[in-house]
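Q: Dumping the structure here so I can ask a few things about it.
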Amino acid sequence: MAAAAAWPELEAAARERRRELALGGAAVAERVAAGGGRLPAALLALPLLQSLELSGCAALRELGPGLAAALPALHTLVLRGNALGPAGLGAGLGGPLPALRLLDLSGNGLEALPAALGGAAGAEPAAEPAGAPAFPQLRSLNLSANRLRELGPGLARAAPQLQALLLSGNRLRALPGGLLPPAGAAAVPGGPFPLLSRLEAADNEVAELGADIAALPALKSLDVANNQLRELPAALADCPRLKEANFRGNQLKDKRLEKMVNGCQTKAILEYLRAGGRGKGKAESAREEARKKKREKQQKKDGRDGEQDELEEASKLLVKVLHVSENPAPLVVKASHGVKDVRPFIVCCVLKGVNLKAGNALKRFLSTQTKLHEDICEKRTAATIATHDLQLIKGPLVYDVQPPDELKIMPLGRKEIKAKDLLRQLQSEAEEQRKQKKRQNVSGLHKYLQLLDGKDNYPCLVDAEGIVISFPPITNSEKTKISRDTRNLFLEVTSDTSLQICKDVMDTLILKIAELNRFTLENKEDSGSDNESDALCGPGNLNPSQNVQPMNFPLVVEQVRVVDTDGNLKVLYPSKTDLTTVSSLLTVIR
């Protein structure tokens with residue numbers, strides 16, 4: 001009991017069945033030190049945990065045994081700025097983490113990778129068959145600011161879906177180096193790192209950038225600034241998707257190339273390397289021509305020609321994150337204790353700089369959001385999107401529950417009504433629709449209405465004036481309805497399934513808004529007619545949030561905190577680990 005009492009955060013997490021846990025501060029560091037420099041055993045009694053962070057704890061030297069086995073649902077693990085070495089990680093990561101998507105081990109004392117990540121002791125795991133990687137869903141791995149000198153080829157097998165690998169601030173001497181299996185080695189299914197699009201290795205000791213860098217087919221961004229490179233391989237020009245490259249801070253022998261590097265002219269650099277640079281003979285030119293033909297053949301096969309690549313480069317999508325600390329009046333959502341038994345998960349943010357007046361932008365977003373509800377939200381059964389006109393919201397907001405015969409809302413396009421009566425109407429409408437279409441199966445409307453069956457209380461989002469502005473998963477309120485004059489949006493995603501689903505849906509929603517902005521701008525649409533109806537997010541409809549603005553000026557996403565009734569943080573969106581699922585399509589300025 002004494003050990004449990006020493007960790008009130010873990011007691012609260014177990015009692016409230018939390019999916020997220022962030023530990024930090026001097027008190028936590030003292031407890032970790034008192035426990036021998038390892039995580040407390042009580043942490044292993046939280047099998048529902050999906051996100052765990054313990055950063056800035058110099059006393060943390062080992063995870064302790066059994067972490068992977070005890071937390072099978074873990075998708076985010078942030079252990080930044082501790083004192084972990086490969087031995088200290090080995091016991092905790094000794095088993096597979098099938099759901100893990102993000103692993104941050106930056107700022108520790110790693111001189112080699114642990115066996116689970118394909119380190120020397122685990123390059124060929126004996127305990128697992130070749131078809132069972134330890135981290136099958138891992139997308140982002142941050143190993144920056146450690147003491148790594150080399151990486152083994154086992155990482156490609158341990159994390160085959162890796163998209164971002166961050167290695168800056170280590171002691172690496174070659175790249176890709178040991179990351180890629182040597183010729184004749186056992187093949188990795190699908191090839192090594194088929195999805196790796198971002199590779200950062202700035203501030204190392206890299207003296208050799210190998211020609212096998214071209215073996216990374218999805219590589220879009222490469223950073224090897226401030227290393228010891230003297231040459232750049234011509235094979236860089238064979239990277240079919242490379243768009244951004246940073247070679248600054250290297251003493252290149254070719255001064256013309258160095259000038260291009262200092263000017264950040266990635267396209268010019270690749271063209272220069274493709275042409276063989278200066279002083280190349282006929283044999284080298286022939287090799288370059290052969291590479292060019294091979295590249296063109298691959299581009300035709302993939303359906304990606306030069307024009308498409310240029311369009312991709314020209315139409316980069318930008319989103320800037322405004323942190324709570326930078327916002328003089330951040331919006332806060334307080335979640336009551338009762339929501340955990342009804343619809344426990346909510347993620348919110350503010351999106352500023354939208355313009356819904358141009359052309360059919362509003363209607364297009366309505367269609368897009370409908371598709372999101374049908375697809376990623378699984379007909380609203382997994383999650384529900386709601387959007388509001390920020391100007392019409394009086395904060396702070398409360399995410400609460402109310403009895404069906406007390407909850408009143410003015411649904412979009414309807415008069416004020418009690419929740420129980422609204423559901424009765426909708427159920428009748430859904431049944432009539434089913435009969436008209438002569439369907440035997442229940443419709444999507446039936447399915448999300450059933451989510452509230454048997455509930456003594458219904459979830460609702462209430463503003464500072466006590467007005468219900470959202471009744472998920474059913475409808476928004478007419479009070480905060482979006483119009484063509486809306487400039488700033490309050491976005492809300494709720495779920496009774498998981499917090500990560502909320503975040504994934506919000507990531508996708510922001511990406512779609514940015515894509516529609518670009519489409520509207522490129523087509524130079526005029527303002528639509530005044531007769532264009534406002535978009536709804538009520539039963540069978542959705543509330544849009546589309547904008548038009550110059551691409552040089554990004555959308556601004558303001559962080560919104562969700563706290564409990566005592567003011568303790570439950571969710572902050574977007575956090576440092578959010579928006580990573582769309583990072584290959586969206587540039588986020590943090």
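Letters A, B, ... mark the chains of the structure tokens in the order given; residue numbers begin at 1 per chain; ligand numbers begin at 1, in order shown.
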With only C-alpha atoms as the counted atoms, please give the residues lying no more than 8 Å from Phe345 in chain A, apart from itself and same-chain residues fewer than 6 positions off, as a VMD selection string.
A: chain A and resid 494 to 499 502
Q: For Asp203 in chain A, list every protein, DNA or RNA residue within 12 Å, evaluated using only C-alpha atoms, and leave out those in the same chain fewer than 6 positions away; present the list as a list of chain:residue names.
A: A:Ser144, A:Ala145, A:Asn146, A:Arg147, A:Leu166, A:Leu167, A:Ser168, A:Gly169, A:Asn170, A:Arg171, A:Leu172, A:Arg173, A:Asp223, A:Val224, A:Ala225, A:Asn226, A:Asn227, A:Gln228, A:Leu229, A:Asn246, A:Phe247, A:Arg248, A:Gly249, A:Asn250
Q: Keeping only C-alpha atoms, take the residues you just selected and write them out as a PDB file, in the first residue's frame.
A:
ATOM      1  CA  SER A 144      17.920  12.643 -31.384  1.00  0.00           C
ATOM      2  CA  ALA A 145      20.459  13.927 -28.840  1.00  0.00           C
ATOM      3  CA  ASN A 146      21.880  10.584 -27.799  1.00  0.00           C
ATOM      4  CA  ARG A 147      25.368   9.100 -28.321  1.00  0.00           C
ATOM      5  CA  LEU A 166      15.047  11.481 -36.262  1.00  0.00           C
ATOM      6  CA  LEU A 167      18.760  11.018 -35.509  1.00  0.00           C
ATOM      7  CA  SER A 168      20.117  14.554 -35.104  1.00  0.00           C
ATOM      8  CA  GLY A 169      22.697  15.276 -32.407  1.00  0.00           C
ATOM      9  CA  ASN A 170      24.340  11.838 -32.243  1.00  0.00           C
ATOM     10  CA  ARG A 171      27.784  10.584 -33.315  1.00  0.00           C
ATOM     11  CA  LEU A 172      26.888   8.801 -36.541  1.00  0.00           C
ATOM     12  CA  ARG A 173      29.683   8.618 -39.108  1.00  0.00           C
ATOM     13  CA  ASP A 223      18.550  16.712 -43.223  1.00  0.00           C
ATOM     14  CA  VAL A 224      22.300  16.111 -42.871  1.00  0.00           C
ATOM     15  CA  ALA A 225      23.307  19.645 -41.943  1.00  0.00           C
ATOM     16  CA  ASN A 226      26.426  20.326 -39.870  1.00  0.00           C
ATOM     17  CA  ASN A 227      28.264  17.104 -40.591  1.00  0.00           C
ATOM     18  CA  GLN A 228      31.639  16.305 -42.210  1.00  0.00           C
ATOM     19  CA  LEU A 229      30.556  15.608 -45.769  1.00  0.00           C
ATOM     20  CA  ASN A 246      19.465  20.338 -46.036  1.00  0.00           C
ATOM     21  CA  PHE A 247      23.212  19.928 -46.608  1.00  0.00           C
ATOM     22  CA  ARG A 248      24.360  23.208 -45.025  1.00  0.00           C
ATOM     23  CA  GLY A 249      27.279  23.249 -42.625  1.00  0.00           C
ATOM     24  CA  ASN A 250      29.347  20.717 -44.605  1.00  0.00           C
TER      25      ASN A 250
END
Q: Name all residues at most 10 Å from range 5-14 of chain A (count only C-alpha atoms; drop same-chain ones fewer than 2 positions away) and give them as a PyMOL selection string.
A: chain A and resi 1-3+16-23+27-28+31+40+42-49
Q: Hey, can you spit out that residue selection with C-alpha atoms as a PDB file, in the first residue's frame?
A:
ATOM      1  CA  MET A   1       0.000   0.000   0.000  1.00  0.00           C
ATOM      2  CA  ALA A   2       2.884   2.365   0.765  1.00  0.00           C
ATOM      3  CA  ALA A   3       4.195   2.135  -2.774  1.00  0.00           C
ATOM      4  CA  GLU A  16     -10.640   6.789 -13.814  1.00  0.00           C
ATOM      5  CA  ARG A  17      -9.549   4.217 -16.414  1.00  0.00           C
ATOM      6  CA  ARG A  18      -7.421   6.811 -18.160  1.00  0.00           C
ATOM      7  CA  ARG A  19      -5.956   6.281 -21.595  1.00  0.00           C
ATOM      8  CA  GLU A  20      -3.333   9.027 -21.270  1.00  0.00           C
ATOM      9  CA  LEU A  21      -0.754   9.652 -18.553  1.00  0.00           C
ATOM     10  CA  ALA A  22       1.973  12.301 -18.331  1.00  0.00           C
ATOM     11  CA  LEU A  23       4.389  12.228 -15.395  1.00  0.00           C
ATOM     12  CA  ALA A  27       8.289  15.138  -7.020  1.00  0.00           C
ATOM     13  CA  VAL A  28       8.190  12.445  -9.717  1.00  0.00           C
ATOM     14  CA  ARG A  31      10.111   9.069  -6.382  1.00  0.00           C
ATOM     15  CA  PRO A  40       7.030   2.185 -10.586  1.00  0.00           C
ATOM     16  CA  ALA A  42       2.075   0.177 -10.281  1.00  0.00           C
ATOM     17  CA  LEU A  43       2.331   1.508 -13.832  1.00  0.00           C
ATOM     18  CA  LEU A  44       2.042  -2.050 -15.089  1.00  0.00           C
ATOM     19  CA  ALA A  45      -1.485  -2.252 -13.674  1.00  0.00           C
ATOM     20  CA  LEU A  46      -2.867   0.195 -16.276  1.00  0.00           C
ATOM     21  CA  PRO A  47      -3.584  -2.050 -19.299  1.00  0.00           C
ATOM     22  CA  LEU A  48      -5.895   0.548 -20.915  1.00  0.00           C
ATOM     23  CA  LEU A  49      -3.100   3.107 -21.189  1.00  0.00           C
TER      24      LEU A  49
END
Q: Between A:Ala386, A:Leu180, A:Val462, A:Ile409, which residue has the minimum interatomic distance to Leu489 in chain A, considering only C-alpha atoms?
A: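 Of A:Ala386, A:Leu180, A:Val462, A:Ile409, the one nearest Leu489 in chain A is A:Ala386, counting only C-alpha atoms.
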Q: Looking at only C-alpha atoms, which of A:Ser584, A:Arg590, A:Leu521, A:Met410 is the one that sits closest to Glu326 in chain A?
A: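 Of A:Ser584, A:Arg590, A:Leu521, A:Met410, the one nearest Glu326 in chain A is A:Arg590, counting only C-alpha atoms.
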Q: Identify which of the residues A:Ser477, A:Leu195, A:Ala69, A:Leu52 lies closest to Ile417 in chain A, counting only C-alpha atoms when measuring atom-to-atom distances.
A: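 Residue with the minimum atom-to-atom distance to Ile417 in chain A: A:Ser477.
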Q: Excluding Leu97 in chain A and any residue of its chain fewer than 2 positions from it, enumerate the residues within 8 Å of it, using only C-alpha atoms, and give them as a list in words.
A: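 So the residues in contact are Ala68, Ala69, Leu71, Pro72, Ala73, Leu74, Leu93, Gly95, Ala99, Leu100, Ala134, Phe135 and Pro136 of chain A.
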Q: Per DSSP on the backbone, filter range 2-112 of chain A down to the residues in helix (DSSP H, G or I) and report them as a VMD selection string.
A: chain A and resid 2 to 5 8 to 15 26 to 34 41 to 45 67 to 70 86 to 90
Q: Please, could you write that set of residues out with C-alpha atoms as a CSV table (one decimal), in the first residue's frame?
A:
chain,number,residue,atom,x,y,z
A,2,ALA,CA,2.9,2.4,0.8
A,3,ALA,CA,4.2,2.1,-2.8
A,4,ALA,CA,0.7,2.8,-4.2
A,5,ALA,CA,0.2,5.8,-1.9
A,8,PRO,CA,-1.3,9.3,-6.5
A,9,GLU,CA,-1.2,9.9,-10.3
A,10,LEU,CA,-1.3,6.2,-10.9
A,11,GLU,CA,-4.1,5.6,-8.4
A,12,ALA,CA,-6.1,8.3,-10.2
A,13,ALA,CA,-5.3,6.8,-13.6
A,14,ALA,CA,-6.5,3.3,-12.5
A,15,ARG,CA,-9.6,4.7,-10.8
A,26,ALA,CA,10.6,17.3,-9.1
A,27,ALA,CA,8.3,15.1,-7.0
A,28,VAL,CA,8.2,12.4,-9.7
A,29,ALA,CA,12.0,12.6,-10.1
A,30,GLU,CA,12.4,12.1,-6.4
A,31,ARG,CA,10.1,9.1,-6.4
A,32,VAL,CA,11.9,7.5,-9.4
A,33,ALA,CA,15.2,8.0,-7.7
A,34,ALA,CA,13.9,6.4,-4.5
A,41,ALA,CA,5.6,-1.3,-10.7
A,42,ALA,CA,2.1,0.2,-10.3
A,43,LEU,CA,2.3,1.5,-13.8
A,44,LEU,CA,2.0,-2.1,-15.1
A,45,ALA,CA,-1.5,-2.3,-13.7
A,67,LEU,CA,6.3,-2.7,-19.7
A,68,ALA,CA,5.5,-4.0,-23.2
A,69,ALA,CA,3.5,-7.0,-22.0
A,70,ALA,CA,1.6,-4.9,-19.4
A,86,PRO,CA,20.1,0.4,-24.1
A,87,ALA,CA,20.2,-1.9,-21.0
A,88,GLY,CA,17.7,0.2,-19.2
A,89,LEU,CA,15.3,0.1,-22.2
A,90,GLY,CA,15.9,-3.6,-22.9
Q: When you look at Pro396 in chain A with a cut-off of 12 Å (counting only C-alpha atoms), what residues show up, excluding the ones that are within fewer than 3 positions of it in the same chain? I need them as a JSON list (two decimals) with C-alpha atoms, in the first residue's frame.
A:
[["chain", "number", "residue", "atom", "x", "y", "z"],
["A", 329, "ALA", "CA", -7.04, 34.19, -23.99],
["A", 330, "PRO", "CA", -6.99, 30.43, -24.69],
["A", 331, "LEU", "CA", -10.28, 28.57, -24.78],
["A", 332, "VAL", "CA", -10.68, 25.86, -22.13],
["A", 333, "VAL", "CA", -13.11, 22.93, -21.97],
["A", 334, "LYS", "CA", -13.90, 21.48, -18.53],
["A", 335, "ALA", "CA", -15.03, 17.84, -18.60],
["A", 390, "LEU", "CA", -16.07, 30.73, -32.60],
["A", 393, "ILE", "CA", -19.32, 30.83, -28.40],
["A", 399, "TYR", "CA", -18.44, 18.97, -21.45],
["A", 461, "LEU", "CA", -21.24, 20.71, -24.61],
["A", 462, "VAL", "CA", -22.48, 23.77, -22.70],
["A", 463, "ASP", "CA", -21.28, 27.37, -23.00],
["A", 464, "ALA", "CA", -20.79, 29.92, -20.23],
["A", 465, "GLU", "CA", -24.42, 31.03, -20.54],
["A", 466, "GLY", "CA", -25.69, 27.50, -19.90],
["A", 467, "ILE", "CA", -26.76, 26.95, -23.51],
["A", 560, "VAL", "CA", -7.35, 23.93, -26.59],
["A", 561, "ARG", "CA", -7.01, 22.27, -23.20],
["A", 562, "VAL", "CA", -9.56, 19.81, -21.83],
["A", 563, "VAL", "CA", -9.32, 19.69, -18.04]]
Q: Counting only C-alpha atoms, figure out which residue out of A:Ala268, A:Leu138, A:Leu209, A:Leu165 gets nearest to Ser106 in chain A.
A: A:Leu165
Q: Check the smallest atom-to-atom distance from each of A:Pro554, A:Asp212, A:Asp453, A:Tyr458 to Lys418 in chain A using only C-alpha atoms, then report the winner.
A: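 Counting only C-alpha atoms, the residue closest to Lys418 in chain A is A:Tyr458.
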